[in-house]
>>> print(open('start38.txt').read())   # compact mmCIF, C-alpha atoms
# COMPACT_ATOMS: atom_id res chain seq x y z
CA MET L 156 -6.81 -0.09 -37.48
CA ALA L 157 -7.41 1.97 -34.36
CA GLY L 158 -5.08 1.25 -31.49
CA ASN L 159 -2.24 -0.56 -33.23
CA GLU L 160 -0.76 2.07 -35.54
CA PRO L 161 2.55 3.76 -34.70
CA SER L 162 1.85 6.36 -32.00
CA ALA L 163 4.60 8.84 -32.86
CA ARG L 164 2.61 10.43 -35.66
CA PRO L 165 2.11 14.19 -35.63
CA ARG L 166 -1.27 15.19 -34.27
CA SER L 167 -3.52 17.84 -35.68
CA PRO L 168 -3.03 21.16 -33.88
CA HIS L 169 -5.93 22.23 -31.74
CA MET L 170 -8.73 24.39 -33.16
CA GLN L 171 -7.51 27.69 -31.68
CA VAL L 172 -4.12 27.39 -33.35
CA TYR L 173 -5.64 27.72 -36.82
CA LYS L 174 -6.05 31.11 -38.37
CA TRP L 175 -9.69 31.33 -39.41
CA GLY L 176 -10.30 31.62 -43.12
CA PRO L 177 -13.40 31.65 -45.34
CA HIS L 178 -12.91 27.97 -46.28
CA MET L 179 -13.15 26.96 -42.61
CA ALA L 180 -16.13 29.22 -42.02
CA VAL L 181 -18.00 27.89 -45.04
CA SER L 182 -17.34 24.33 -43.91
CA ILE L 183 -18.77 24.72 -40.44
CA LEU L 184 -21.62 26.88 -41.79
CA HIS L 185 -22.54 24.02 -44.13
CA ARG L 186 -23.02 21.80 -41.11
CA VAL L 187 -24.78 24.48 -39.04
CA SER L 188 -27.18 25.45 -41.83
CA GLY L 189 -27.82 21.82 -42.76
CA ASP L 190 -28.61 20.75 -39.23
CA GLY L 191 -30.75 23.86 -38.70
CA LEU L 192 -32.76 23.02 -41.82
CA ALA L 193 -32.97 19.36 -40.78
CA ILE L 194 -34.44 20.10 -37.36
CA VAL L 195 -36.11 23.52 -37.43
CA GLY L 196 -36.80 23.68 -41.17
CA ALA L 197 -38.25 20.21 -41.55
CA GLY L 198 -40.22 20.67 -38.32
CA MET L 199 -41.78 23.93 -39.55
CA PHE L 200 -42.55 22.32 -42.90
CA LEU L 201 -44.39 19.41 -41.25
CA TRP L 202 -46.27 21.80 -38.97
CA TRP L 203 -47.38 23.83 -42.00
CA LEU L 204 -48.28 20.71 -44.01
CA GLY L 205 -50.24 19.18 -41.12
CA ALA L 206 -52.18 22.44 -40.67
CA LEU L 207 -52.88 22.61 -44.40
CA ALA L 208 -54.26 19.05 -44.39
CA ALA L 209 -56.29 19.60 -41.21
CA GLY L 210 -58.49 22.31 -42.72
CA PRO L 211 -59.15 26.07 -42.79
CA ASP L 212 -59.37 26.54 -38.99
CA ALA L 213 -56.12 24.73 -38.25
CA TYR L 214 -54.41 26.62 -41.08
CA ALA L 215 -55.70 29.96 -39.80
CA ALA L 216 -54.37 29.06 -36.33
CA PHE L 217 -50.98 28.26 -37.85
CA VAL L 218 -50.86 31.56 -39.74
CA ALA L 219 -52.01 33.50 -36.65
CA CYS L 220 -49.20 31.96 -34.64
CA VAL L 221 -46.30 32.08 -37.08
CA TRP L 222 -47.03 35.00 -39.37
CA HIS L 223 -49.86 37.43 -38.61
CA ASP L 224 -52.81 37.30 -36.21
CA PRO L 225 -55.62 39.22 -37.94
CA SER L 226 -57.84 39.52 -34.83
CA PRO L 227 -58.26 43.11 -33.49
CA GLU L 228 -56.91 42.25 -30.03
CA ILE L 229 -53.81 40.15 -30.47
CA SER L 230 -52.73 38.11 -27.46
CA ALA L 231 -49.34 38.80 -25.94
CA LEU L 232 -48.28 35.31 -26.96
CA HIS L 233 -49.09 35.93 -30.62
CA GLN L 234 -47.40 39.35 -30.53
CA VAL L 235 -44.21 37.51 -29.60
CA THR L 236 -44.66 34.53 -31.94
CA ASN L 237 -45.54 36.79 -34.91
CA ILE L 238 -42.10 38.39 -34.59
CA LEU L 239 -40.34 35.16 -33.65
CA GLY L 240 -41.92 33.39 -36.63
CA LYS L 241 -40.50 35.93 -39.07
CA VAL L 242 -37.07 35.76 -37.42
CA VAL L 243 -37.07 31.96 -37.72
CA LEU L 244 -38.29 32.09 -41.33
CA ILE L 245 -35.60 34.62 -42.29
CA GLY L 246 -33.03 32.40 -40.55
CA LEU L 247 -34.29 29.36 -42.45
CA THR L 248 -34.12 31.28 -45.73
CA TRP L 249 -30.49 32.12 -45.03
CA ALA L 250 -29.76 28.50 -44.03
CA PHE L 251 -31.45 27.32 -47.23
CA PHE L 252 -29.32 29.53 -49.47
CA GLN L 253 -26.13 28.93 -47.48
CA HIS L 254 -26.59 25.15 -47.65
CA LEU L 255 -27.66 25.29 -51.31
CA PHE L 256 -24.70 27.40 -52.49
CA SER L 257 -22.27 25.53 -50.25
CA GLY L 258 -23.67 22.23 -51.55
CA LEU L 259 -23.12 23.37 -55.15
CA ARG L 260 -19.55 24.23 -54.14
CA HIS L 261 -19.18 20.69 -52.83
CA PHE L 262 -20.35 19.27 -56.16
CA VAL L 263 -17.56 21.25 -57.85
CA LEU L 264 -15.02 20.10 -55.24
CA ASP L 265 -16.18 16.50 -55.82
CA THR L 266 -14.88 16.74 -59.39
CA GLY L 267 -11.44 17.53 -57.97
CA ALA L 268 -11.54 21.19 -58.97
CA GLY L 269 -11.22 24.34 -56.87
CA TYR L 270 -8.70 23.22 -54.26
CA GLU L 271 -6.07 25.84 -55.08
CA LEU L 272 -5.84 28.20 -52.11
CA LYS L 273 -6.92 31.35 -53.93
CA THR L 274 -9.75 29.67 -55.83
CA ASN L 275 -10.96 27.91 -52.70
CA LYS L 276 -10.94 31.15 -50.74
CA LEU L 277 -12.74 33.03 -53.49
CA TRP L 278 -15.58 30.51 -53.85
CA SER L 279 -15.97 30.14 -50.09
CA THR L 280 -16.35 33.90 -49.77
CA LEU L 281 -18.77 34.05 -52.70
CA VAL L 282 -20.94 31.32 -51.12
CA MET L 283 -21.30 33.27 -47.89
CA VAL L 284 -21.86 36.65 -49.55
CA GLY L 285 -24.29 35.08 -52.04
CA ALA L 286 -26.35 33.48 -49.28
CA VAL L 287 -26.76 36.80 -47.43
CA LEU L 288 -27.63 38.69 -50.63
CA ALA L 289 -30.15 36.05 -51.76
CA THR L 290 -31.79 36.09 -48.32
CA ALA L 291 -32.01 39.89 -48.36
CA ALA L 292 -33.47 39.89 -51.89
CA THR L 293 -36.05 37.23 -50.97
CA TRP L 294 -37.31 39.09 -47.93
CA LEU L 295 -37.33 42.48 -49.64
CA TYR L 296 -39.57 40.82 -52.23
CA ILE L 297 -41.82 39.22 -49.57
CA PHE L 298 -42.26 42.46 -47.57
CA LYS L 299 -42.83 44.46 -50.76
CA GLU L 300 -45.55 42.00 -51.82
CA ALA L 301 -47.08 42.12 -48.31
CA LEU L 302 -47.21 45.93 -48.40
CA ASN L 303 -48.85 45.96 -51.83
CA GLY L 304 -51.54 43.63 -50.48
CA MET W 869 -12.05 -7.39 -44.31
CA GLY W 870 -8.70 -7.95 -46.02
CA ASN W 871 -5.67 -9.90 -44.85
CA GLY W 872 -4.46 -7.83 -41.93
CA THR W 873 -2.39 -5.18 -43.68
CA HIS W 874 -3.30 -1.58 -42.88
CA LEU W 875 -4.64 -1.07 -46.37
CA GLY W 876 -6.61 -4.31 -46.35
CA LYS W 877 -8.33 -3.40 -43.11
CA VAL W 878 -9.71 -0.12 -44.40
CA ARG W 879 -10.20 -0.77 -48.09
CA GLY W 880 -13.78 -0.11 -49.12
CA LEU W 881 -14.95 0.55 -45.58
CA GLY W 882 -13.98 4.05 -44.52
CA SER W 883 -14.27 5.35 -40.97
CA SER W 884 -17.99 4.54 -40.74
CA GLY W 885 -17.55 0.91 -41.84
CA HIS W 886 -19.73 0.98 -44.92
CA GLY W 887 -17.69 2.58 -47.64
CA SER W 888 -18.95 5.07 -50.19
CA GLN W 889 -22.66 4.26 -49.92
CA HIS W 890 -23.38 7.11 -47.51
CA TRP W 891 -21.39 9.58 -49.61
CA LEU W 892 -23.16 8.62 -52.83
CA GLN W 893 -26.66 8.67 -51.30
CA GLN W 894 -25.93 12.11 -49.86
CA ARG W 895 -25.06 13.40 -53.33
CA LEU W 896 -28.05 11.77 -55.02
CA THR W 897 -30.52 13.16 -52.48
CA ALA W 898 -28.74 16.54 -52.66
CA LEU W 899 -29.51 16.62 -56.37
CA GLY W 900 -33.13 15.69 -55.61
CA ASN W 901 -33.32 18.44 -53.01
CA LEU W 902 -31.85 20.97 -55.42
CA LEU W 903 -34.74 20.39 -57.85
CA LEU W 904 -37.60 19.66 -55.45
CA VAL W 905 -36.91 22.14 -52.64
CA GLY W 906 -36.15 24.71 -55.34
CA PHE W 907 -39.63 24.06 -56.70
CA LEU W 908 -41.14 24.39 -53.20
CA PHE W 909 -39.25 27.64 -52.57
CA VAL W 910 -40.43 29.27 -55.81
CA SER W 911 -43.98 28.03 -55.15
CA PHE W 912 -43.94 29.55 -51.64
CA LEU W 913 -42.94 32.92 -53.10
CA ARG W 914 -45.65 32.83 -55.76
CA LEU W 915 -48.54 31.53 -53.64
CA PRO W 916 -50.77 33.63 -51.39
CA MET W 917 -49.52 31.69 -48.37
CA THR W 918 -52.13 32.93 -45.87
CA ASP W 919 -55.04 31.83 -48.11
CA HIS W 920 -55.90 28.23 -47.13
CA GLY W 921 -58.13 27.58 -50.15
CA ALA W 922 -55.53 28.76 -52.67
CA VAL W 923 -52.66 26.80 -51.07
CA LEU W 924 -54.87 23.69 -50.79
CA ARG W 925 -55.85 23.89 -54.49
CA TRP W 926 -52.16 24.13 -55.38
CA ALA W 927 -51.15 21.20 -53.14
CA SER W 928 -54.00 18.94 -54.30
CA ASN W 929 -52.91 19.17 -57.93
CA PRO W 930 -51.64 15.63 -58.69
CA SER W 931 -48.32 16.80 -60.16
CA VAL W 932 -47.67 19.09 -57.21
CA ALA W 933 -48.66 16.39 -54.69
CA LEU W 934 -46.30 13.93 -56.39
CA ALA W 935 -43.46 16.47 -56.34
CA LEU W 936 -44.15 17.15 -52.65
CA ILE W 937 -44.04 13.43 -51.79
CA LEU W 938 -40.76 13.01 -53.69
CA MET W 939 -39.43 16.08 -51.90
CA VAL W 940 -40.32 14.67 -48.48
CA VAL W 941 -38.53 11.40 -49.33
CA SER W 942 -35.44 13.19 -50.66
CA VAL W 943 -35.26 15.73 -47.83
CA PHE W 944 -35.78 13.28 -44.97
CA TRP W 945 -33.35 10.79 -46.48
CA HIS W 946 -30.77 13.56 -46.87
CA LEU W 947 -31.28 14.97 -43.37
CA ARG W 948 -31.01 11.48 -41.89
CA LEU W 949 -27.60 11.09 -43.52
CA GLY W 950 -26.47 14.53 -42.39
CA LEU W 951 -27.64 14.18 -38.80
CA THR W 952 -26.08 10.70 -38.63
CA VAL W 953 -22.68 12.26 -39.31
CA LEU W 954 -23.37 14.98 -36.74
CA ILE W 955 -24.14 12.34 -34.10
CA GLU W 956 -21.15 10.19 -35.07
CA ASP W 957 -18.88 13.24 -34.72
CA TYR W 958 -20.17 14.83 -31.52
CA VAL W 959 -22.02 12.24 -29.44
CA ASN W 960 -19.54 10.22 -27.39
CA GLY W 961 -20.16 6.93 -25.66
CA GLU W 962 -21.48 3.78 -27.25
CA ALA W 963 -24.88 3.77 -25.51
CA THR W 964 -25.66 7.48 -25.86
CA ARG W 965 -24.68 7.41 -29.50
CA LEU W 966 -26.90 4.42 -30.19
CA LEU W 967 -29.80 6.12 -28.43
CA ALA W 968 -29.25 9.32 -30.45
CA LEU W 969 -29.18 7.33 -33.69
CA VAL W 970 -32.40 5.50 -32.74
CA LEU W 971 -34.13 8.82 -31.97
CA LEU W 972 -32.85 10.24 -35.26
CA ASN W 973 -34.33 7.31 -37.17
CA PHE W 974 -37.66 7.73 -35.38
CA TYR W 975 -37.63 11.41 -36.35
CA ALA W 976 -36.56 10.87 -39.97
CA ILE W 977 -38.87 7.96 -40.75
CA GLY W 978 -41.77 9.23 -38.60
CA GLY W 979 -41.47 12.74 -40.04
CA ALA W 980 -41.42 11.48 -43.61
CA ALA W 981 -44.45 9.24 -42.95
CA TYR W 982 -46.36 12.15 -41.35
CA GLY W 983 -45.53 14.39 -44.31
CA ILE W 984 -46.45 11.86 -46.99
CA PHE W 985 -49.69 10.98 -45.19
CA ALA W 986 -50.64 14.67 -44.99
CA ILE W 987 -49.97 15.16 -48.73
CA VAL W 988 -52.02 12.05 -49.62
CA ARG W 989 -54.90 13.33 -47.48
CA ILE W 990 -54.76 16.69 -49.25
CA ALA W 991 -54.55 15.14 -52.71
CA LEU W 992 -57.29 12.55 -52.16
CA ALA W 993 -59.65 14.59 -49.96
CA PRO W 994 -63.07 15.07 -51.55
CA ALA W 995 -63.74 18.61 -52.77
CA THR W 996 -64.77 21.43 -50.42
CA GLY W 997 -66.88 20.81 -47.35
CA LEU W 998 -65.96 17.18 -46.80
CA ALA W 999 -62.31 17.63 -45.92
CA PRO W 1000 -61.48 15.68 -42.77
CA GLY W 1001 -60.16 17.56 -39.76
CA GLY W 1002 -57.90 17.04 -36.82
CA MET W 1003 -54.32 16.37 -37.82
>>> encode(input="start38.txt", output="structure tokens")
Amino acid sequence: MAGNEPSARPRSPHMQVYKWGPHMAVSILHRVSGDGLAIVGAGMFLWWLGALAAGPDAYAAFVACVWHDPSPEISALHQVTNILGKVVLIGLTWAFFQHLFSGLRHFVLDTGAGYELKTNKLWSTLVMVGAVLATAATWLYIFKEALNG
Amino acid sequence: MGNGTHLGKVRGLGSSGHGSQHWLQQRLTALGNLLLVGFLFVSFLRLPMTDHGAVLRWASNPSVALALILMVVSVFWHLRLGLTVLIEDYVNGEATRLLALVLLNFYAIGGAAYGIFAIVRIALAPATGLAPGGM
């Protein structure tokens, strides 16, 4: 097909010409969150799983790096990674909810429903708002549990 | 491949050359992920995650171990499909693209094998004290 079709067809305008809308944002966020989960998320999961299988010492080292180093004198490296770990985990939580809600939206779109401009815009917005709210709720719960011991 | 008309050349193939298989597998594994990663997410919230013994007891339960293995298969299958599209869209040049796809397959298949092996070790490890180390 490529190369021998009539060449006078209209071409898609370049990215900057489009006015950004929620449906475009939710589309690229689906890819961003999915690829983030695929590389960072799956990597973290395997790291955690490997540490769990390797025994108590390896697991304690994993926790001390990613979450909280319980030793009285925390190394500068762990001070940084303890914060970085939480930032990455919060990011992964958002990516999880964004990709989950956006994926559910795609299941609905697959049935042929929800393509009307207003409906499409509404559900795209709800996906993005829902992902942020669900992430906030999750981490409020986690920090509340952590404070209560 | 059809008889040379525009329609005949593309029918059943799509831009990637293998039709709706990719699309369907993506949906099937998405459904698997919905259930299995949902289970993992809720478990993470309910478990005392910093307590090795407690998490290990949870993971070595046969039903949980089975769910985790299924989850690894579903997730790594799904991410392989997703990253394939990413590479096909953004990596230009025949050779570079092929290399990227090879690396992706190493990551997806190797990662899944590592994960499944770790779960099997946890599930089949003899009770306390004899657990093997060094992974």
>>> closest_residue(input="start38.txt", among="L:Leu247, L:Ala209, L:Val235, L:Val221", to="Ala286 of chain L", atoms="all atoms listed in the file")
L:Leu247
>>> interface_residues(input="start38.txt", of="chain W", to="chain L", cutoff="9 Å", atoms="all atoms listed in the file", output="PyMOL selection string")
chain W and resi 874+877-878+895+898+902+913+917-921+923-924+943-944+946-948+950-951+954+979-980+982-983+986-987+989-990+993+999-1003
>>> atom_distance(input="start38.txt", atom1="atom CA of Ser931 of chain W", atom2="atom CA of Ala250 of chain L")
27.2 Å
>>> residues_around(input="start38.txt", residues="His233 of chain L", least_positions_apart="3", cutoff="7 Å", atoms="all atoms listed in the file", output="PyMOL selection string")
chain L and resi 220+224+229-230+236-237
>>> axis_aligned_box(input="start38.txt", around="segment 923-936 of chain W", padding_each_side="6 Å", output="AutoDock Vina command-line options")
--center_x -49.7 --center_y 20.4 --center_z -55.5 --size_x 24.4 --size_y 24.9 --size_z 21.4
>>> atom_distance(input="start38.txt", atom1="atom CA of Trp945 of chain W", atom2="atom CA of Arg965 of chain W")
19.4 Å
>>> closest_residue(input="start38.txt", among="W:Ile937, W:Ser942, W:Glu962, W:Leu971", to="Ile984 of chain W", atoms="only C-alpha atoms")
W:Ile937
>>> atom_distance(input="start38.txt", atom1="atom CA of Ala935 of chain W", atom2="atom CA of Asn901 of chain W")
10.9 Å
>>> decode(input="start38.txt", residues="segment 922-936 of chain W", atoms="N, CA and C atoms", output="tab-separated table (two decimals), in the first residue's frame")
chain	number	residue	atom	x	y	z
W	922	ALA	N	5.42	-11.74	57.63
W	922	ALA	CA	3.99	-11.63	57.32
W	922	ALA	C	3.76	-11.66	55.81
W	923	VAL	N	4.58	-10.89	55.06
W	923	VAL	CA	4.41	-10.84	53.60
W	923	VAL	C	4.74	-12.21	53.00
W	924	LEU	N	5.77	-12.88	53.55
W	924	LEU	CA	6.17	-14.19	53.04
W	924	LEU	C	5.06	-15.22	53.27
W	925	ARG	N	4.44	-15.18	54.45
W	925	ARG	CA	3.34	-16.12	54.75
W	925	ARG	C	2.20	-15.91	53.78
W	926	TRP	N	1.90	-14.63	53.49
W	926	TRP	CA	0.84	-14.32	52.52
W	926	TRP	C	1.20	-14.87	51.14
W	927	ALA	N	2.44	-14.61	50.69
W	927	ALA	CA	2.83	-14.98	49.32
W	927	ALA	C	2.98	-16.48	49.14
W	928	SER	N	3.25	-17.21	50.25
W	928	SER	CA	3.47	-18.65	50.12
W	928	SER	C	2.17	-19.44	50.19
W	929	ASN	N	1.07	-18.75	50.46
W	929	ASN	CA	-0.24	-19.40	50.37
W	929	ASN	C	-0.46	-19.84	48.92
W	930	PRO	N	-0.81	-21.13	48.69
W	930	PRO	CA	-0.90	-21.62	47.31
W	930	PRO	C	-1.82	-20.80	46.41
W	931	SER	N	-2.96	-20.36	46.91
W	931	SER	CA	-3.88	-19.57	46.09
W	931	SER	C	-3.26	-18.24	45.71
W	932	VAL	N	-2.59	-17.61	46.69
W	932	VAL	CA	-1.96	-16.32	46.43
W	932	VAL	C	-0.82	-16.49	45.43
W	933	ALA	N	0.00	-17.54	45.64
W	933	ALA	CA	1.13	-17.79	44.74
W	933	ALA	C	0.64	-18.01	43.31
W	934	LEU	N	-0.45	-18.76	43.18
W	934	LEU	CA	-1.02	-19.01	41.85
W	934	LEU	C	-1.50	-17.71	41.21
W	935	ALA	N	-2.19	-16.89	42.01
W	935	ALA	CA	-2.67	-15.59	41.50
W	935	ALA	C	-1.50	-14.71	41.09
W	936	LEU	N	-0.41	-14.75	41.88
W	936	LEU	CA	0.76	-13.94	41.55
W	936	LEU	C	1.41	-14.40	40.24
